[in-house]
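*Asks:* Provided herewith: model_17.cif, mmCIF, C-alpha atoms and all ligand atoms.
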data_upload
loop_
_atom_site.label_atom_id
_atom_site.label_comp_id
_atom_site.auth_asym_id
_atom_site.auth_seq_id
_atom_site.Cartn_x
_atom_site.Cartn_y
_atom_site.Cartn_z
CA MET V 1 -7.23 -0.21 11.75
CA GLU V 2 -7.00 -3.03 9.21
CA ARG V 3 -6.39 -6.76 9.64
CA THR V 4 -4.79 -9.31 7.32
CA LEU V 5 -4.25 -13.05 7.28
CA ILE V 6 -0.69 -14.22 6.74
CA LEU V 7 0.25 -17.87 6.21
CA ILE V 8 3.81 -19.15 6.33
CA LYS V 9 3.42 -22.00 3.87
CA PRO V 10 5.00 -25.47 4.17
CA ASP V 11 8.21 -24.45 2.34
CA GLY V 12 8.72 -21.56 4.78
CA VAL V 13 8.28 -23.80 7.81
CA LYS V 14 10.49 -26.59 6.38
CA ARG V 15 13.24 -24.06 5.66
CA LYS V 16 13.06 -22.73 9.25
CA LEU V 17 12.08 -19.22 8.16
CA ILE V 18 9.31 -18.70 10.73
CA GLY V 19 11.25 -16.29 12.93
CA ASN V 20 12.67 -14.36 10.00
CA VAL V 21 9.24 -13.91 8.42
CA ILE V 22 7.49 -12.84 11.63
CA SER V 23 10.28 -10.33 12.39
CA ARG V 24 9.69 -8.52 9.13
CA PHE V 25 6.03 -7.85 9.94
CA GLU V 26 6.80 -6.94 13.57
CA ASN V 27 9.66 -4.64 12.56
CA LYS V 28 7.27 -2.75 10.28
CA GLY V 29 5.06 -2.04 13.29
CA LEU V 30 2.26 -4.52 12.64
CA LYS V 31 0.68 -6.13 15.69
CA LEU V 32 0.35 -9.93 15.87
CA ILE V 33 -3.12 -10.66 17.26
CA ALA V 34 -3.52 -14.39 16.44
CA MET V 35 -1.07 -17.19 15.65
CA LYS V 36 -1.23 -20.96 15.15
CA LEU V 37 1.29 -23.66 14.08
CA MET V 38 -0.96 -26.19 12.37
CA THR V 39 -1.64 -28.59 9.54
CA VAL V 40 -4.39 -27.80 7.07
CA THR V 41 -7.04 -30.27 5.89
CA GLU V 42 -7.85 -30.67 2.23
CA GLU V 43 -11.25 -29.11 2.91
CA GLN V 44 -9.67 -26.04 4.54
CA ALA V 45 -7.15 -25.66 1.70
CA LYS V 46 -9.87 -25.89 -0.97
CA LYS V 47 -11.95 -23.29 0.85
CA HIS V 48 -8.98 -20.97 1.32
CA TYR V 49 -8.13 -21.11 -2.39
CA SER V 50 -11.74 -21.34 -3.67
CA VAL V 51 -11.27 -18.19 -5.77
CA HIS V 52 -8.72 -20.19 -7.81
CA SER V 53 -10.85 -23.33 -8.13
CA LEU V 54 -11.13 -23.11 -11.93
CA LYS V 55 -7.45 -22.36 -12.49
CA PRO V 56 -5.21 -25.10 -13.90
CA PHE V 57 -2.89 -24.83 -10.88
CA PHE V 58 -5.65 -25.31 -8.27
CA ASP V 59 -4.95 -28.98 -7.46
CA GLY V 60 -1.23 -28.32 -7.07
CA LEU V 61 -1.93 -25.34 -4.85
CA VAL V 62 -4.13 -27.41 -2.54
CA SER V 63 -1.66 -30.35 -2.39
CA TYR V 64 1.15 -27.96 -1.59
CA LEU V 65 -0.70 -26.26 1.29
CA ILE V 66 -1.50 -29.61 2.92
CA SER V 67 1.99 -31.04 2.35
CA GLY V 68 3.38 -29.91 5.71
CA SER V 69 2.89 -27.66 8.71
CA ILE V 70 2.03 -24.02 8.26
CA VAL V 71 1.88 -20.96 10.53
CA ALA V 72 -1.38 -18.98 10.35
CA MET V 73 -1.33 -15.44 11.71
CA ILE V 74 -3.45 -12.32 11.83
CA PHE V 75 -1.67 -8.97 11.86
CA GLU V 76 -3.31 -5.65 12.60
CA GLY V 77 -2.23 -2.11 11.69
CA ASP V 78 -2.85 0.90 9.47
CA ASN V 79 -3.14 -0.32 5.87
CA ALA V 80 -2.12 -3.80 7.06
CA ILE V 81 -3.18 -5.47 3.79
CA THR V 82 -1.05 -3.29 1.51
CA SER V 83 1.85 -3.12 3.96
CA CYS V 84 2.00 -6.90 4.34
CA ARG V 85 1.75 -7.53 0.60
CA ASN V 86 4.64 -5.12 0.05
CA ILE V 87 6.69 -6.98 2.67
CA CYS V 88 5.88 -10.30 0.90
CA GLY V 89 6.77 -9.04 -2.58
CA THR V 90 5.34 -10.03 -5.96
CA THR V 91 3.70 -13.48 -6.10
CA ASP V 92 6.38 -14.98 -8.34
CA GLY V 93 9.55 -15.25 -6.27
CA SER V 94 11.76 -15.06 -9.37
CA LYS V 95 10.37 -11.58 -10.06
CA ALA V 96 10.03 -10.29 -6.48
CA SER V 97 12.39 -7.52 -5.39
CA PRO V 98 15.31 -8.26 -3.10
CA GLY V 99 14.45 -7.18 0.43
CA THR V 100 10.98 -8.72 0.23
CA ILE V 101 10.24 -12.17 1.69
CA ARG V 102 9.70 -13.78 -1.71
CA GLY V 103 12.51 -11.80 -3.30
CA ASP V 104 14.91 -13.06 -0.65
CA PHE V 105 13.72 -16.67 -0.29
CA SER V 106 11.72 -17.88 -3.31
CA LEU V 107 12.64 -18.75 -6.89
CA ASN V 108 9.18 -19.49 -8.27
CA ILE V 109 5.43 -18.90 -8.07
CA GLU V 110 4.39 -22.22 -6.47
CA GLU V 111 6.69 -22.29 -3.45
CA ASN V 112 6.59 -18.67 -2.47
CA ILE V 113 6.89 -18.93 1.34
CA VAL V 114 3.92 -16.79 2.36
CA HIS V 115 0.31 -15.98 1.64
CA ALA V 116 -1.17 -12.56 2.44
CA SER V 117 -4.82 -11.50 2.04
CA ASP V 118 -5.24 -9.26 -1.01
CA SER V 119 -8.33 -7.34 0.20
CA ASP V 120 -10.69 -6.88 3.12
CA GLU V 121 -13.13 -9.19 1.38
CA SER V 122 -10.46 -11.90 1.07
CA PHE V 123 -9.48 -11.46 4.72
CA ASN V 124 -13.10 -11.95 5.79
CA HIS V 125 -13.34 -15.11 3.68
CA GLU V 126 -9.97 -16.49 4.79
CA TYR V 127 -9.53 -15.88 8.51
CA PRO V 128 -12.47 -18.01 9.78
CA ILE V 129 -10.91 -21.02 7.98
CA PHE V 130 -8.00 -20.83 10.44
CA PHE V 131 -9.30 -19.04 13.56
CA ASN V 132 -12.30 -18.83 15.84
CA ASN V 133 -13.11 -15.28 16.92
CA ASN V 134 -12.08 -16.08 20.53
CA GLU V 135 -8.54 -16.88 19.30
CA ILE V 136 -8.02 -13.29 18.13
CA LEU V 137 -6.55 -11.28 21.00
CA ASN V 138 -7.39 -7.70 21.84
CA HIS V 139 -4.07 -6.65 23.41
P1 LIG D 201 -0.91 -17.00 -2.68
O1 LIG D 201 -0.63 -15.60 -2.28
O2 LIG D 201 -0.95 -18.04 -1.61
O3 LIG D 201 -2.33 -17.04 -3.44
C1 LIG D 201 -2.60 -17.85 -4.52
C2 LIG D 201 -1.43 -18.67 -4.92
O4 LIG D 201 -1.54 -19.26 -6.18
C3 LIG D 201 -0.22 -17.80 -5.02
O5 LIG D 201 0.18 -17.45 -3.74
C4 LIG D 201 0.73 -18.67 -5.82
O6 LIG D 201 1.50 -19.51 -4.97
C5 LIG D 201 -0.22 -19.51 -6.64
N1 LIG D 201 -0.20 -19.15 -8.06
C6 LIG D 201 -0.60 -18.02 -8.62
N2 LIG D 201 -0.45 -18.08 -9.95
C7 LIG D 201 0.06 -19.31 -10.22
C8 LIG D 201 0.47 -19.98 -11.41
N3 LIG D 201 0.35 -19.39 -12.60
N4 LIG D 201 0.96 -21.23 -11.31
C9 LIG D 201 1.07 -21.81 -10.11
N5 LIG D 201 0.71 -21.23 -8.92
C10 LIG D 201 0.22 -19.99 -9.00
#
Can you turn what I pasted into structure tokens?

*Replies:*
Amino acid sequence: MERTLILIKPDGVKRKLIGNVISRFENKGLKLIAMKLMTVTEEQAKKHYSVHSLKPFFDGLVSYLISGSIVAMIFEGDNAITSCRNICGTTDGSKASPGTIRGDFSLNIEENIVHASDSDESFNHEYPIFFNNNEILNH
């Protein structure tokens, strides 16, 4: 059984897409095992995106993640990482297929509604930034 971290980013929360986004993962059969409506500190955002720290878009990425409330979630299921990334669609919303979250709701690469872990290694780096182990439910 695999786990993945999903964030509904500030644009998704502002546009009142929380329910719509969660439904897509639940409808697929993934199990929600942790969830938090929260704001992110600059330190958390920098840690979350540390792999991109040398990229020219890093500062914008950090400012965007701290610009409003987010929803942090952990979903569990068979091949959860691949399944969730398929549900999200390609990173750039203008290129993402209709029927995916980004394909349906995003027009660009910066404001692309959701984040999804891209590997087990990324998940293990990312989830402790948002959750303590006792906030992950075994149900
Ligand atoms: P996310 O899945 O949260 O992980 C890294 C983010 O970097 C990605 O979504 C995009 O929002 C952002 N990103 C990736 N490439 C670029 C780019 N070329 N310009 C701006 N933002 C980018």

*Asks:* Which chains and residue numbers are within 6 Å of ligand LIG 201 (chain D), counting only C-alpha atoms and all ligand atoms, if I want them as a count of residues only?

*Replies:* 7

*Asks:* One decimal, in Å: what's the spacing between atom CA of Lys47 of chain V and atom CA of Glu126 of chain V?

*Replies:*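 Interatomic distance here is 8.1 Å.
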
*Asks:* Using all atoms listed in the file, which protein or nucleic acid residues come within 8 Å of Leu107 of chain V? Drop anything in the same chain fewer than 6 positions from it, and give the result as a compact mmCIF listing (two decimals) with C-alpha atoms, keeping the file's coordinate frame.

*Replies:*
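Output file result-v8.txt follows:
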# COMPACT_ATOMS: atom_id res chain seq x y z
CA ASP V 92 6.38 -14.98 -8.34
CA GLY V 93 9.55 -15.25 -6.27
CA SER V 94 11.76 -15.06 -9.37

*Asks:* Given 4 Å on each side, where is the centre and what are the edge lengths in Å to one decimal of the axis-aligned box enclosing the listed atoms of segment 3-18 of chain V, as JSON?

*Replies:*
{"center_x": 3.4, "center_y": -16.7, "center_z": 6.5, "size_x": 27.6, "size_y": 27.8, "size_z": 16.4}

*Asks:* Between atom CA of Gln44 of chain V and atom CA of Ile129 of chain V, measure the distance and give it in Å to one decimal.

*Replies:*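 Between atom CA of Gln44 of chain V and atom CA of Ile129 of chain V the gap works out to 6.2 Å.
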
*Asks:* Would you kindly return, as a tab-separated table (two decimals) with C-alpha atoms, in the frame of the given file, each protein, DNA or RNA residue with an atom no farther than 8 Å from any atom of Ile18 of chain V, considering all atoms listed in the file and excluding same-chain residues fewer than 3 positions away?

*Replies:*
chain	number	residue	atom	x	y	z
V	8	ILE	CA	3.81	-19.15	6.33
V	12	GLY	CA	8.72	-21.56	4.78
V	13	VAL	CA	8.28	-23.80	7.81
V	21	VAL	CA	9.24	-13.91	8.42
V	22	ILE	CA	7.49	-12.84	11.63
V	71	VAL	CA	1.88	-20.96	10.53

*Asks:* Give me the residues near Gly29 of chain V as a PyMOL selection string, where near means some atom within 12 Å (using all atoms listed in the file) and where sequence neighbours in that chain fewer than 4 positions away do not count.

*Replies:* chain V and resi 22-25+75-80+83-84+87

*Asks:* How many Å lie between atom CA of His139 of chain V and atom CA of Asn27 of chain V, rounded to one decimal?

*Replies:*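 Rounded to one decimal, the two atoms are 17.6 Å apart.
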
*Asks:* Of the residues V:Glu42, V:Met1, V:His48, V:Pro10, which is the one nearest to His125 of chain V, using all atoms listed in the file?

*Replies:* V:His48

*Asks:* If you count all atoms listed in the file, which residues fall within 12 Å of Glu43 of chain V, apart from same-chain ones fewer than 4 positions away, as a PyMOL selection string?

*Replies:* chain V and resi 39+47-50+62-63+65-66+129-130

*Asks:* Tell me which protein, DNA and RNA residues are within 6 Å of Lys9 of chain V, counting only C-alpha atoms, leaving out same-chain ones fewer than 4 positions away, and put them as a list in words.

*Replies:*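 My reading of the contact set: Ile70, Ile113 and Val114 of chain V.
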
*Asks:* Select, from V:Met73, V:Ile33, V:Ile81, V:Leu137, the residue with the minimum atom-to-atom distance to Ser119 of chain V, counting only C-alpha atoms.

*Replies:*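 The answer is V:Ile81, which sits nearest to Ser119 of chain V.
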
*Asks:* Have a look at V:Ile74, V:Leu7, V:Leu32, V:Ile101 and name the one nearest to Asn132 of chain V; count all atoms listed in the file.

*Replies:* V:Ile74

*Asks:* Looking at only C-alpha atoms, which of V:Val40, V:Asp120, V:Lys95, V:Ile136 is the one that sits closest to Thr82 of chain V?

*Replies:*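 Nearest candidate to Thr82 of chain V out of V:Val40, V:Asp120, V:Lys95, V:Ile136: V:Asp120.
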
*Asks:* Generate the coordinates of N, CA and C atoms for segment 24-44 of chain V; report them as a compact mmCIF listing (two decimals), keeping the file's coordinate frame.

*Replies:*
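That gives us out-v4.txt:
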# COMPACT_ATOMS: atom_id res chain seq x y z
N ARG V 24 9.88 -9.57 10.14
CA ARG V 24 9.69 -8.52 9.13
C ARG V 24 8.37 -7.77 9.33
N PHE V 25 7.32 -8.52 9.70
CA PHE V 25 6.03 -7.85 9.94
C PHE V 25 6.08 -7.05 11.25
N GLU V 26 6.70 -7.64 12.28
CA GLU V 26 6.80 -6.94 13.57
C GLU V 26 7.66 -5.69 13.44
N ASN V 27 8.76 -5.80 12.70
CA ASN V 27 9.66 -4.64 12.56
C ASN V 27 8.96 -3.48 11.88
N LYS V 28 8.01 -3.80 10.99
CA LYS V 28 7.27 -2.75 10.28
C LYS V 28 6.30 -2.02 11.21
N GLY V 29 5.97 -2.67 12.34
CA GLY V 29 5.06 -2.04 13.29
C GLY V 29 3.70 -2.71 13.36
N LEU V 30 3.54 -3.81 12.61
CA LEU V 30 2.26 -4.52 12.64
C LEU V 30 2.14 -5.32 13.94
N LYS V 31 0.91 -5.44 14.41
CA LYS V 31 0.68 -6.13 15.69
C LYS V 31 0.13 -7.53 15.42
N LEU V 32 0.80 -8.54 16.00
CA LEU V 32 0.35 -9.93 15.87
C LEU V 32 -0.78 -10.16 16.87
N ILE V 33 -1.97 -10.51 16.36
CA ILE V 33 -3.12 -10.66 17.26
C ILE V 33 -3.68 -12.09 17.27
N ALA V 34 -3.14 -12.97 16.41
CA ALA V 34 -3.52 -14.39 16.44
C ALA V 34 -2.44 -15.18 15.74
N MET V 35 -2.13 -16.39 16.27
CA MET V 35 -1.07 -17.19 15.65
C MET V 35 -1.26 -18.67 15.98
N LYS V 36 -1.03 -19.52 14.98
CA LYS V 36 -1.23 -20.96 15.15
C LYS V 36 -0.26 -21.75 14.27
N LEU V 37 0.50 -22.69 14.86
CA LEU V 37 1.29 -23.66 14.08
C LEU V 37 0.37 -24.85 13.87
N MET V 38 0.11 -25.21 12.62
CA MET V 38 -0.96 -26.19 12.37
C MET V 38 -0.75 -26.93 11.05
N THR V 39 -1.54 -27.99 10.87
CA THR V 39 -1.64 -28.59 9.54
C THR V 39 -3.04 -28.27 9.02
N VAL V 40 -3.15 -28.22 7.72
CA VAL V 40 -4.39 -27.80 7.07
C VAL V 40 -5.04 -29.02 6.42
N THR V 41 -6.34 -29.17 6.56
CA THR V 41 -7.04 -30.27 5.89
C THR V 41 -7.28 -29.90 4.43
N GLU V 42 -7.57 -30.93 3.64
CA GLU V 42 -7.85 -30.67 2.23
C GLU V 42 -9.07 -29.74 2.09
N GLU V 43 -10.04 -29.94 2.96
CA GLU V 43 -11.25 -29.11 2.91
C GLU V 43 -10.91 -27.63 3.20
N GLN V 44 -10.08 -27.42 4.22
CA GLN V 44 -9.67 -26.04 4.54
C GLN V 44 -8.90 -25.41 3.37
